[in-house]
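Participant: My file is protein_21.cif. It has mmCIF, C-alpha atoms:
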```
data_my_file
#
loop_
_atom_site.label_atom_id
_atom_site.label_comp_id
_atom_site.auth_asym_id
_atom_site.auth_seq_id
_atom_site.Cartn_x
_atom_site.Cartn_y
_atom_site.Cartn_z
CA GLN U 243 -15.36 -15.76 -2.28
CA VAL U 244 -14.67 -12.22 -3.43
CA THR U 245 -16.15 -12.01 -6.91
CA GLY U 246 -18.40 -9.86 -9.04
CA TYR U 247 -19.23 -6.18 -8.91
CA LEU U 248 -17.98 -3.65 -6.38
CA ASP U 249 -20.34 -1.20 -4.67
CA ASP U 250 -20.32 2.40 -5.94
CA CYS U 251 -18.51 1.26 -9.14
CA THR U 252 -19.22 -0.29 -12.51
CA CYS U 253 -16.18 -2.51 -12.19
CA ASP U 254 -15.83 -6.14 -11.11
CA VAL U 255 -13.14 -8.10 -9.28
CA GLU U 256 -12.30 -10.40 -12.21
CA THR U 257 -11.50 -7.51 -14.60
CA ILE U 258 -9.12 -5.99 -12.03
CA ASP U 259 -7.42 -9.35 -11.34
CA ALA U 260 -6.73 -10.01 -15.04
CA PHE U 261 -5.55 -6.44 -15.72
CA ASN U 262 -3.35 -6.14 -12.64
CA ASN U 263 -1.80 -9.58 -12.37
CA TYR U 264 -0.86 -10.09 -16.00
CA LYS U 265 -0.43 -6.60 -17.47
CA LEU U 266 0.35 -3.96 -14.88
CA PHE U 267 2.02 -5.69 -11.91
CA PRO U 268 5.18 -6.94 -13.73
CA ARG U 269 5.94 -3.52 -15.28
CA LEU U 270 5.19 -1.62 -12.10
CA ASN U 271 7.59 -3.85 -10.18
CA GLU U 272 10.32 -3.12 -12.69
CA LEU U 273 9.72 0.63 -12.31
CA LEU U 274 9.90 0.47 -8.51
CA GLU U 275 13.30 -1.23 -8.67
CA SER U 276 14.78 1.77 -10.51
CA ASP U 277 17.00 4.21 -8.61
CA TYR U 278 14.51 7.07 -8.88
CA PHE U 279 11.74 5.14 -7.11
CA ARG U 280 13.64 3.05 -4.58
CA TYR U 281 14.99 5.91 -2.43
CA TYR U 282 12.47 7.66 -0.18
CA LYS U 283 13.35 10.38 2.30
CA VAL U 284 11.57 10.07 5.62
CA ASN U 285 11.75 11.43 9.15
CA LEU U 286 11.11 8.51 11.52
CA GLN U 287 12.02 10.56 14.61
CA LYS U 288 8.96 12.84 14.71
CA PRO U 289 7.14 12.60 18.05
CA CYS U 290 3.53 11.38 18.16
CA PRO U 291 1.33 14.53 18.16
CA PHE U 292 -1.70 12.90 19.79
CA TRP U 293 -0.56 11.03 22.87
CA ASP U 294 2.60 10.58 24.91
CA ASP U 295 4.21 7.52 23.50
CA ASN U 296 7.85 6.66 23.68
CA SER U 297 7.36 2.92 23.43
CA HIS U 298 9.25 1.75 20.37
CA CYS U 299 9.22 -1.81 19.17
CA GLY U 300 12.57 -3.30 20.14
CA MET U 301 12.29 -6.32 17.85
CA ARG U 302 14.97 -6.80 15.24
CA ASP U 303 12.51 -6.84 12.32
CA CYS U 304 11.07 -3.44 13.33
CA ALA U 305 14.35 -1.68 12.55
CA VAL U 306 14.92 0.42 9.43
CA GLN U 307 18.36 0.61 7.86
CA PRO U 308 18.86 4.15 6.45
CA CYS U 309 21.25 4.79 3.53
CA HIS U 310 24.73 6.19 3.84
CA SER U 311 24.75 9.44 1.90
CA ASP U 312 27.12 8.06 -0.78
CA GLU U 313 24.64 5.28 -1.64
CA VAL U 314 22.00 7.72 -2.90
CA PRO U 315 22.49 8.97 -6.49
CA ASP U 316 23.79 12.56 -6.64
CA GLY U 317 20.86 13.75 -8.73
CA ILE U 318 18.40 12.65 -6.04
CA ARG U 319 20.40 14.17 -3.20
CA SER U 320 20.84 17.59 -4.79
CA GLY U 321 17.50 19.30 -4.21
CA SER U 322 15.86 16.63 -6.22
CA TYR U 323 12.23 17.49 -6.13
CA LYS U 324 12.12 20.24 -8.76
CA TYR U 325 12.96 18.83 -12.12
CA SER U 326 13.18 20.51 -15.46
CA GLU U 327 16.13 22.85 -15.97
CA GLU U 328 13.74 25.79 -15.94
CA ALA U 329 12.28 24.70 -12.66
CA ASN U 330 15.71 24.18 -11.15
CA THR U 331 16.92 27.67 -12.07
CA LEU U 332 13.66 29.10 -10.79
CA THR U 333 14.07 27.24 -7.52
CA GLU U 334 17.58 28.55 -7.08
CA GLU U 335 16.35 32.08 -7.81
CA CYS U 336 13.49 31.53 -5.40
CA GLU U 337 15.81 30.43 -2.62
CA GLU U 338 18.12 33.33 -3.43
CA ALA U 339 15.12 35.68 -3.22
CA LYS U 340 14.19 34.29 0.17
CA ARG U 341 17.75 34.86 1.39
CA LEU U 342 17.59 38.47 0.27
CA GLY U 343 14.32 38.77 2.12
CA ALA U 344 12.48 40.01 -0.97
CA VAL U 345 12.19 39.35 -4.68
CA ASP U 346 15.15 41.02 -6.38
CA ASP U 347 14.06 43.96 -8.58
CA SER U 348 16.68 43.17 -11.22
CA LEU U 349 14.87 39.93 -12.19
CA SER U 350 12.58 40.18 -15.19
CA LYS U 351 8.89 40.65 -14.48
CA GLU U 352 8.10 37.07 -15.68
CA THR U 353 10.78 35.53 -13.49
CA ARG U 354 9.65 37.49 -10.45
CA GLN U 355 6.10 36.35 -11.07
CA ALA U 356 7.33 32.77 -11.43
CA VAL U 357 9.39 32.97 -8.23
CA LEU U 358 6.37 34.18 -6.29
CA GLN U 359 4.19 31.44 -7.78
CA TRP U 360 6.66 28.76 -6.72
CA ALA U 361 6.67 30.14 -3.19
CA GLN U 362 2.88 30.22 -3.19
CA HIS U 363 2.69 26.71 -4.51
CA ASP U 364 4.93 25.44 -1.76
CA ASP U 365 2.61 27.00 0.83
CA SER U 366 -0.54 25.85 -0.94
CA SER U 367 -3.27 24.00 0.87
CA ASP U 368 -4.01 21.39 -1.78
CA SER U 369 -2.18 18.67 0.10
CA PHE U 370 -3.97 15.79 1.79
CA CYS U 371 -0.94 14.86 3.90
CA GLU U 372 1.20 16.24 6.64
CA ALA U 373 4.44 15.95 4.70
CA ASP U 374 7.77 15.39 6.42
CA ASP U 375 10.18 18.29 6.35
CA ILE U 376 12.75 16.60 4.14
CA HIS U 377 15.32 19.29 4.99
CA SER U 378 15.17 18.39 8.69
CA PRO U 379 18.43 16.90 10.05
CA ASP U 380 16.35 13.90 11.22
CA ALA U 381 15.12 13.08 7.68
CA GLU U 382 17.09 10.25 6.06
CA TYR U 383 17.01 8.39 2.77
CA VAL U 384 15.81 4.80 2.96
CA ASP U 385 16.27 2.18 0.26
CA LEU U 386 12.79 0.65 0.06
CA LEU U 387 14.10 -2.52 -1.61
CA LEU U 388 16.36 -3.21 1.38
CA ASN U 389 13.60 -2.48 3.92
CA PRO U 390 10.64 -4.42 2.52
CA GLU U 391 7.20 -4.27 4.11
CA ARG U 392 6.57 -7.57 5.88
CA TYR U 393 5.59 -9.13 9.21
CA THR U 394 7.60 -7.58 12.05
CA GLY U 395 5.86 -8.95 15.15
CA TYR U 396 4.42 -5.51 15.97
CA LYS U 397 0.88 -6.17 17.24
CA GLY U 398 -1.25 -6.05 20.37
CA PRO U 399 -2.59 -2.94 22.15
CA ASP U 400 -0.12 -0.50 20.54
CA ALA U 401 -1.00 -1.46 16.98
CA TRP U 402 -4.71 -1.69 17.86
CA LYS U 403 -4.61 1.86 19.28
CA ILE U 404 -3.38 3.25 15.94
CA TRP U 405 -6.13 1.67 13.84
CA ASN U 406 -8.75 2.40 16.47
CA SER U 407 -7.82 6.08 16.45
CA ILE U 408 -8.00 6.13 12.63
CA TYR U 409 -11.43 4.47 12.42
CA GLU U 410 -13.08 6.00 15.48
CA GLU U 411 -11.90 9.59 15.17
CA ASN U 412 -11.24 10.13 11.47
CA CYS U 413 -13.76 8.16 9.44
CA PHE U 414 -16.80 10.42 10.03
CA LYS U 415 -18.36 7.69 12.19
CA PRO U 416 -20.62 8.65 15.11
CA GLN U 417 -19.51 7.27 18.50
CA ASN U 418 -22.71 5.31 19.05
CA VAL U 419 -22.27 3.27 15.85
CA LYS U 420 -19.94 0.39 16.69
CA ARG U 421 -17.49 -1.02 14.18
CA PRO U 422 -18.03 -4.66 13.18
CA LEU U 423 -15.86 -7.08 15.20
CA ALA U 424 -14.70 -4.27 17.54
CA SER U 425 -13.45 -6.17 20.57
CA GLY U 426 -15.46 -6.49 23.75
CA ARG U 427 -18.69 -4.98 22.46
CA GLY U 428 -22.08 -6.47 21.84
CA ASP U 429 -21.69 -6.94 18.10
CA ASP U 430 -24.81 -7.22 15.95
CA GLY U 431 -22.89 -8.67 13.01
CA GLY U 432 -22.16 -5.16 11.75
CA HIS U 433 -25.85 -4.57 10.99
CA THR U 434 -26.02 -1.07 12.60
CA PHE U 435 -22.67 -0.10 11.13
CA TYR U 436 -23.54 -1.05 7.55
CA LYS U 437 -26.95 0.56 7.86
CA TRP U 438 -25.16 3.78 8.88
CA LEU U 439 -22.59 3.40 6.06
CA LYS U 440 -25.28 2.89 3.45
CA GLY U 441 -27.06 6.03 4.65
CA VAL U 442 -24.10 8.44 4.45
CA CYS U 443 -23.09 10.39 1.35
CA VAL U 444 -20.91 8.69 -1.26
CA GLU U 445 -17.82 10.73 -0.25
CA LYS U 446 -17.89 9.66 3.42
CA ARG U 447 -18.57 6.07 2.41
CA ALA U 448 -15.63 6.21 0.00
CA PHE U 449 -13.39 7.63 2.73
CA TYR U 450 -14.15 4.70 5.04
CA ARG U 451 -13.67 2.21 2.21
CA LEU U 452 -10.29 3.67 1.25
CA ILE U 453 -9.02 3.36 4.84
CA SER U 454 -10.43 -0.16 5.17
CA GLY U 455 -8.83 -1.08 1.82
CA LEU U 456 -5.47 0.28 2.96
CA HIS U 457 -5.78 -1.72 6.21
CA ALA U 458 -6.62 -4.87 4.22
CA SER U 459 -3.69 -4.31 1.87
CA ILE U 460 -1.23 -3.95 4.78
CA ASN U 461 -2.63 -7.13 6.39
CA ILE U 462 -2.13 -9.05 3.14
CA HIS U 463 1.53 -7.97 2.98
CA LEU U 464 2.08 -9.15 6.56
CA SER U 465 0.43 -12.51 5.82
CA ALA U 466 2.27 -12.99 2.51
CA ARG U 467 5.72 -12.13 3.86
CA TYR U 468 5.52 -13.81 7.25
CA LEU U 469 8.49 -15.00 9.25
CA LEU U 470 8.06 -18.77 8.84
CA GLN U 471 11.42 -19.86 10.17
CA ASP U 472 13.88 -18.02 12.38
CA THR U 473 17.05 -19.88 13.28
CA TRP U 474 20.59 -18.67 13.85
CA SER U 475 21.53 -19.77 10.34
CA GLU U 476 18.61 -18.32 8.36
CA GLN U 477 15.32 -16.45 8.31
CA LYS U 478 12.66 -17.77 5.95
CA TRP U 479 9.78 -15.53 4.81
CA GLY U 480 6.67 -16.64 2.96
CA PRO U 481 2.87 -16.89 2.94
CA ASN U 482 1.16 -17.77 6.22
CA VAL U 483 -2.27 -19.16 5.33
CA THR U 484 -3.54 -19.30 8.93
CA GLU U 485 -2.72 -15.64 9.46
CA PHE U 486 -4.45 -14.76 6.18
CA GLN U 487 -7.58 -16.75 7.07
CA GLN U 488 -7.85 -15.18 10.51
CA ARG U 489 -8.06 -11.77 8.87
CA PHE U 490 -10.11 -12.54 5.77
CA ASP U 491 -11.94 -15.89 5.92
CA GLU U 492 -15.71 -15.31 5.65
CA VAL U 493 -16.60 -17.69 8.50
CA LEU U 494 -13.78 -16.72 10.87
CA THR U 495 -14.53 -12.99 10.42
CA SER U 496 -18.35 -13.29 10.46
CA GLY U 497 -18.56 -12.09 6.85
CA GLU U 498 -16.25 -9.12 7.42
CA GLY U 499 -13.20 -10.50 5.53
CA PRO U 500 -14.73 -10.44 2.02
CA ARG U 501 -15.95 -6.87 2.62
CA ARG U 502 -12.42 -5.81 3.56
CA LEU U 503 -11.09 -7.37 0.37
CA LYS U 504 -13.70 -5.58 -1.75
CA ASN U 505 -12.52 -2.34 -0.14
CA LEU U 506 -8.99 -3.23 -1.26
CA TYR U 507 -10.25 -3.43 -4.85
CA PHE U 508 -12.00 -0.08 -4.37
CA LEU U 509 -8.69 1.47 -3.21
CA TYR U 510 -6.99 -0.04 -6.29
CA LEU U 511 -9.55 1.61 -8.59
CA ILE U 512 -9.13 5.04 -6.95
CA GLU U 513 -5.33 4.96 -7.21
CA LEU U 514 -5.45 3.57 -10.77
CA ARG U 515 -7.81 6.40 -11.74
CA ALA U 516 -5.36 8.97 -10.34
CA LEU U 517 -2.53 7.47 -12.44
CA SER U 518 -4.65 7.70 -15.58
CA LYS U 519 -5.44 11.37 -14.82
CA VAL U 520 -1.91 12.55 -14.09
CA LEU U 521 -0.45 11.51 -17.47
CA PRO U 522 -0.21 15.11 -18.89
CA PHE U 523 2.02 16.15 -15.98
CA PHE U 524 4.61 13.44 -16.73
CA GLU U 525 4.28 13.57 -20.53
CA ARG U 526 5.82 17.03 -20.86
CA PRO U 527 9.17 16.90 -22.70
CA GLY U 528 10.82 19.05 -20.00
CA PHE U 529 9.86 16.69 -17.21
CA GLN U 530 12.69 14.41 -16.05
CA LEU U 531 12.93 11.70 -13.42
CA TYR U 532 16.32 13.02 -12.49
CA THR U 533 18.98 10.86 -10.81
CA GLY U 534 21.99 12.11 -12.76
CA ASN U 535 22.31 8.99 -14.93
CA GLU U 536 20.98 10.28 -18.25
CA SER U 537 20.38 7.03 -20.14
CA GLN U 538 18.84 5.32 -17.12
CA ASP U 539 16.62 8.35 -16.45
CA ALA U 540 15.32 8.27 -20.03
CA GLU U 541 14.54 4.54 -19.73
CA THR U 542 12.75 5.07 -16.41
CA LYS U 543 10.63 7.86 -17.88
CA HIS U 544 9.77 5.67 -20.89
CA LEU U 545 8.64 2.83 -18.59
CA LEU U 546 6.69 5.28 -16.40
CA LEU U 547 4.77 6.64 -19.41
CA GLU U 548 4.09 3.10 -20.61
CA ILE U 549 2.53 2.30 -17.21
CA LEU U 550 0.44 5.50 -17.21
CA HIS U 551 -0.85 4.78 -20.74
CA LEU U 552 -1.69 1.26 -19.61
CA ALA U 553 -3.55 2.70 -16.58
CA LYS U 554 -5.48 4.98 -18.94
CA SER U 555 -6.45 2.01 -21.13
CA PHE U 556 -8.24 0.23 -18.25
CA PRO U 557 -11.82 -0.28 -19.48
CA LEU U 558 -13.85 0.22 -16.27
CA HIS U 559 -12.44 3.26 -14.49
CA PHE U 560 -14.00 4.62 -11.33
CA ASP U 561 -16.04 7.73 -12.09
CA GLU U 562 -15.05 10.33 -9.52
CA ASN U 563 -17.50 12.90 -10.95
CA SER U 564 -20.03 11.80 -8.34
CA PHE U 565 -17.70 13.20 -5.66
CA PHE U 566 -18.47 16.65 -4.27
CA ALA U 567 -21.00 17.20 -7.03
CA GLY U 568 -23.87 18.74 -5.02
CA ASN U 569 -24.41 22.25 -3.73
CA LYS U 570 -21.14 24.17 -4.31
CA LYS U 571 -20.89 25.56 -0.77
CA GLU U 572 -21.70 22.22 0.87
CA ALA U 573 -19.33 20.41 -1.52
CA ALA U 574 -16.43 22.76 -0.70
CA LYS U 575 -17.03 22.28 3.03
CA LEU U 576 -17.16 18.50 2.67
CA LYS U 577 -14.01 18.43 0.54
CA GLU U 578 -12.15 20.43 3.16
CA GLU U 579 -13.36 18.04 5.90
CA PHE U 580 -12.23 15.12 3.76
CA ARG U 581 -8.78 16.69 3.34
CA LEU U 582 -8.38 17.48 7.05
CA HIS U 583 -9.47 14.01 8.16
CA PHE U 584 -6.95 12.47 5.79
CA LYS U 585 -4.24 14.87 6.96
CA ASN U 586 -4.93 13.75 10.52
CA ILE U 587 -4.46 10.11 9.53
CA SER U 588 -1.09 10.96 7.99
CA LYS U 589 -0.08 12.53 11.36
CA ILE U 590 -1.18 9.40 13.26
CA MET U 591 1.52 7.48 11.36
CA ASP U 592 4.09 9.25 13.57
CA CYS U 593 2.58 7.34 16.52
CA VAL U 594 3.38 3.88 15.08
CA GLY U 595 5.88 2.24 17.45
CA CYS U 596 7.53 -0.05 14.88
CA PHE U 597 9.85 1.95 12.61
CA LYS U 598 9.44 -0.30 9.59
CA CYS U 599 5.64 -0.16 9.94
CA ARG U 600 5.93 3.60 10.40
CA LEU U 601 8.00 3.95 7.22
CA TRP U 602 5.50 2.01 5.09
CA GLY U 603 2.50 3.57 6.82
CA LYS U 604 3.80 7.08 6.07
CA LEU U 605 4.65 6.18 2.48
CA GLN U 606 1.27 4.57 1.77
CA THR U 607 -0.77 7.38 3.31
CA GLN U 608 1.29 9.96 1.41
CA GLY U 609 0.75 7.94 -1.78
CA LEU U 610 -3.02 7.78 -1.28
CA GLY U 611 -3.08 11.48 -0.31
CA THR U 612 -1.25 12.28 -3.56
CA ALA U 613 -3.78 10.21 -5.53
CA LEU U 614 -6.62 12.22 -3.94
CA LYS U 615 -4.81 15.48 -4.68
CA ILE U 616 -4.60 14.43 -8.36
CA LEU U 617 -8.28 13.50 -8.58
CA PHE U 618 -9.29 16.86 -7.12
CA SER U 619 -6.92 18.82 -9.41
CA GLU U 620 -8.27 17.61 -12.74
CA ASN U 621 -8.92 21.12 -14.12
CA LEU U 622 -5.43 22.26 -13.18
CA ILE U 623 -3.83 19.19 -14.79
CA GLU U 624 -5.76 19.79 -18.02
CA ARG U 625 -4.33 23.32 -18.18
CA ILE U 626 -0.67 22.31 -17.78
CA PRO U 627 1.43 23.98 -20.52
CA GLU U 628 3.53 21.67 -22.74
CA SER U 629 6.73 23.47 -21.85
CA GLY U 630 7.84 25.49 -18.87
CA PRO U 631 6.86 25.01 -15.22
CA SER U 632 3.34 23.93 -14.33
CA TYR U 633 2.36 26.44 -11.66
CA GLY U 634 -1.21 25.39 -11.00
CA PHE U 635 -0.40 21.74 -10.33
CA GLN U 636 2.89 20.45 -8.99
CA LEU U 637 4.18 17.22 -7.48
CA THR U 638 7.35 16.97 -5.41
CA ARG U 639 9.71 14.03 -5.85
CA GLN U 640 8.49 12.72 -2.47
CA GLU U 641 4.90 12.69 -3.71
CA ILE U 642 5.87 10.96 -6.97
CA VAL U 643 7.86 8.24 -5.18
CA ALA U 644 5.07 7.74 -2.62
CA LEU U 645 2.31 7.66 -5.27
CA PHE U 646 3.89 4.86 -7.31
CA ASN U 647 5.19 2.85 -4.35
CA ALA U 648 1.81 3.02 -2.61
CA PHE U 649 0.09 1.84 -5.78
CA GLY U 650 2.79 -0.84 -6.04
CA ARG U 651 1.77 -2.11 -2.59
CA VAL U 652 -1.93 -2.31 -3.54
CA SER U 653 -1.05 -3.98 -6.85
CA THR U 654 1.10 -6.49 -4.92
CA SER U 655 -1.81 -7.23 -2.56
CA ILE U 656 -4.09 -8.12 -5.48
CA LYS U 657 -1.36 -10.38 -6.89
CA GLU U 658 -0.82 -12.01 -3.47
CA LEU U 659 -4.57 -12.66 -3.19
CA GLU U 660 -4.34 -14.81 -6.30
CA ASN U 661 -1.48 -16.70 -4.69
CA PHE U 662 -3.51 -17.31 -1.49
CA ARG U 663 -6.50 -18.44 -3.57
CA ASN U 664 -4.32 -21.03 -5.30
CA ILE U 665 -2.77 -22.26 -2.04
CA LEU U 666 -6.25 -22.65 -0.48
CA LYS U 667 -7.59 -24.45 -3.55
CA ASN U 668 -4.74 -26.96 -3.34
CA MET U 669 -5.34 -27.51 0.37
CA ARG U 670 -8.97 -28.55 -0.08
#
```
Turn the structure described in the file into C-alpha cells.
Facilitator:
Amino acid sequence: QVTGYLDDCTCDVETIDAFNNYKLFPRLNELLESDYFRYYKVNLQKPCPFWDDNSHCGMRDCAVQPCHSDEVPDGIRSGSYKYSEEANTLTEECEEAKRLGAVDDSLSKETRQAVLQWAQHDDSSDSFCEADDIHSPDAEYVDLLLNPERYTGYKGPDAWKIWNSIYEENCFKPQNVKRPLASGRGDDGGHTFYKWLKGVCVEKRAFYRLISGLHASINIHLSARYLLQDTWSEQKWGPNVTEFQQRFDEVLTSGEGPRRLKNLYFLYLIELRALSKVLPFFERPGFQLYTGNESQDAETKHLLLEILHLAKSFPLHFDENSFFAGNKKEAAKLKEEFRLHFKNISKIMDCVGCFKCRLWGKLQTQGLGTALKILFSENLIERIPESGPSYGFQLTRQEIVALFNAFGRVSTSIKELENFRNILKNMR
C-alpha cells in the first residue's frame, strides 16, 4: 500500500525501489563484505548515562562475538583512521607534539599550522554523534558479517523504554501531544499528533521522520531475519510475515504502518543525498581505504567511487536547501538544537540492554549522524584541495564504516520490503 510521492520531497516510492533493488543494493552489498568495511570498533561496555540500568539481555542471540586482534588486518589496527601518507605523518607529528606538551619549534611553519589544525579538527563540534573513544581498553573490533542484525528476542519494557525516551524527549514533541498508538492512552488515531507535525518547521518534521524511518528499518530487519526454528541441531532464520504485519499492516496499525514505511524511504533519500555530496572527499588521489593489502584496497576504492557516482546519478534527489534557510540567527540556533538532540539519541544507544542491538543501534545512529554532518558541510566539501589533507572537512575511519553500513541497512530494508510484498501477494 506504500506507493506514490513522499511528503516534503519530489520523489516517489517506485523510483527508489527500482534504483535501489536493481542498481545500488547488489554493489553496496559487495562493498560491505570487503575487509575495510566489515570491521567496526565499538565500546559495548559504556554505562547508560540516563538511568541506572544493569539489566543485560542474557539470551544467546543478544551476544556479540568480538574479533581476536590477529583477525583484523594490520592496516586497520594501526591507527587506521587517518589515511593518506601525508595525513599519517602529520598525525604522528601531532601525537609527538602532544607528548612534548607543545608544538615543536623545529617543525616548518606549514607543518606546525597543519598539526594545530588536525588537533582543532579532532576537537571540532561538527559531529552529530557521541563517538566511542576507540582508544579505550573496552573498545573492541567486531566483524559485522559474523554478527548480523536480526531478531534476538530483546523486547518488552526495556526495549520500549529506549524508543519512548527517543521519541518523547528528543523529537521536539511537546508532552501534551501523544504519539499515535502509544500504549494505554486515549488515542485519537494520531489526529492531534499529525496536526502538530504538519504545523512544525520542515527541519523538526524531518528529524521526527528520520528517527521513525530508522525505527521502521530496524523492525524490518528483525522481521526479515527472524528465528523461525530453534532446535539442538540447527537454527533457521527467515522472514516472519506475522511479525511484519503486526508492525506495518495498515489495518492492524490503524494506518500507522504505511506512514512508518514512507519515513523509511525519506531516511533512504537523506542518506543517499549525503553519499552523492561526499564524492569529492573520496575522489582525491591521495585518499586510500587502507587495510594494508594494496591490490584489494585499490579495488575497494574503485567500487566505492562507482557506488558514489551511482548515488549522484539518482534523478530525484532530496533538496536539503530548504533546511535552516530562514533567518541566520534562528537557523544557527535550530541547527545546534538539531545536532544536540541527535547527539543525545546516540548516547541513549548505550542504554540498550541487548549487546547485538546496541552494536547495530550505535552503528546506525553514527551512520545517520555522519550523513547529517556531510549535508551540513557542503561548502567545506566543495573547498577540499585535490592533494594534501582536507582540514575543513574530515571523516574518521569509524565514520566512513558507519556511514556505508548504515546506508546498507536502509538499502536492505527497501529490498526486504519487496520480498514481503511478493510473499503477501502469493498468500492472497
Participant: Could you list, as a list in words, every residue matched by the PyMOL selection byres ((chain U and resi 448) around 10) in this structure?
Facilitator: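 For this structure, the PyMOL selection byres ((chain U and resi 448) around 10) resolves to Asp249, Asp250, Cys413, Leu439, Val442, Cys443, Val444, Glu445, Lys446, Arg447, Phe449, Tyr450, Arg451, Leu452, Ile453, Ser454, Asn505, Phe508, Leu509, Ile512 and Phe565 of chain U.
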Participant: I'd like the contact shell of U:Glu548 - 12 Å cut-off, all atoms listed in the file, skipping same-chain residues fewer than 6 positions apart - returned as a JSON list (two decimals) with C-alpha atoms, keeping the file's coordinate frame.
Facilitator:
```
[["chain", "number", "residue", "atom", "x", "y", "z"],
["U", 265, "LYS", "CA", -0.43, -6.60, -17.47],
["U", 266, "LEU", "CA", 0.35, -3.96, -14.88],
["U", 269, "ARG", "CA", 5.94, -3.52, -15.28],
["U", 270, "LEU", "CA", 5.19, -1.62, -12.10],
["U", 272, "GLU", "CA", 10.32, -3.12, -12.69],
["U", 273, "LEU", "CA", 9.72, 0.63, -12.31],
["U", 517, "LEU", "CA", -2.53, 7.47, -12.44],
["U", 518, "SER", "CA", -4.65, 7.70, -15.58],
["U", 521, "LEU", "CA", -0.45, 11.51, -17.47],
["U", 524, "PHE", "CA", 4.61, 13.44, -16.73],
["U", 525, "GLU", "CA", 4.28, 13.57, -20.53],
["U", 541, "GLU", "CA", 14.54, 4.54, -19.73],
["U", 542, "THR", "CA", 12.75, 5.07, -16.41],
["U", 554, "LYS", "CA", -5.48, 4.98, -18.94],
["U", 555, "SER", "CA", -6.45, 2.01, -21.13]]
```
Participant: Which stretch 404-464 of chain U residues have any atom within 10 Å of an atom of stretch 645-663 of chain U, and for each, what is the nearest pair of atoms with distance in Å to one decimal, counting all atoms listed in the file, rows sorted by chain and number, as a tab-separated table?
Facilitator:
```
residue	atom	partner	partner_atom	distance
U:Gly455	CA	U:Val652	CA	8.8
U:Leu456	CA	U:Val652	CA	7.8
U:Ala458	CA	U:Ser655	CA	8.6
U:Ser459	CA	U:Ser655	CA	5.6
U:Ile460	CA	U:Ser655	CA	8.1
U:Asn461	CA	U:Ser655	CA	9.0
U:Ile462	CA	U:Ser655	CA	6.0
U:His463	CA	U:Ser655	CA	6.5
```
Participant: Please determine, counting only C-alpha atoms, which residue among U:Lys543, U:Trp474, U:Arg639, U:Val594 has the shortest atom-to-atom distance to U:Asp294.
Facilitator: U:Val594
Participant: Report the residues retrieved by the PyMOL selection byres ((chain U and resi 466) around 7) from the displayed file, expressed as a list in words.
Facilitator: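 Answer for the PyMOL selection byres ((chain U and resi 466) around 7): Ile462, His463, Leu464, Ser465, Arg467, Tyr468, Gly480, Pro481, Asn482 and Glu658 of chain U.
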Participant: So the first atom is atom CA of U:Leu388 and the second is atom CA of U:Gln640; what is the distance between them in Å, to one decimal place?
Facilitator: 18.2 Å
Participant: Quick one: pull the distance between atom CA of U:Ala381 and atom CA of U:Val284, Å, one decimal.
Facilitator: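 One can read the atom CA of U:Ala381 to atom CA of U:Val284 distance as 5.1 Å.
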Participant: Identify the residues within 12 Å of coordinate (15.0, 0.9, -5.6) (same frame as the file), considering all atoms listed in the file, and give the answer as a list in words.
Facilitator: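 Here the neighbourhood of the point contains Asn271, Glu272, Leu273, Leu274, Glu275, Ser276, Asp277, Tyr278, Phe279, Arg280, Tyr281, Tyr282, Cys309, Glu313, Val314, Pro315, Tyr383, Val384, Asp385, Leu386, Leu387, Leu388, Asn389, Pro390, Thr533, Thr542, Val643, Phe646 and Asn647 of chain U.
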Participant: Which residue gives the smallest distance to U:Gln477 among U:Asp303, U:Trp438, U:Lys403, U:Tyr532, with only C-alpha atoms counted?
Facilitator: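 Looking at the shortest contact to U:Gln477, the residue is U:Asp303.
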Participant: What's the separation between atom CA of U:Ile616 and atom CA of U:Pro527, in Å to one decimal place?
Facilitator: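 Separating atom CA of U:Ile616 from atom CA of U:Pro527 is a distance of 20.0 Å.
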Participant: Considering all atoms listed in the file, can you say which of U:Tyr396, U:Ser629, U:Asn535, U:Pro500 comes closest to U:Gly246?
Facilitator: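 Checking each of U:Tyr396, U:Ser629, U:Asn535, U:Pro500 against U:Gly246, counting all atoms listed in the file, the winner is U:Pro500.
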Participant: Need to verify the contact set: U:Leu286, 10 Å, all atoms listed in the file, exclusion of same-chain residues closer than 3 positions in sequence. Can you return it as a ChimeraX atom specification?
Facilitator: /U:283,289,306,374,380-382,591-594,596-598,600-601,604
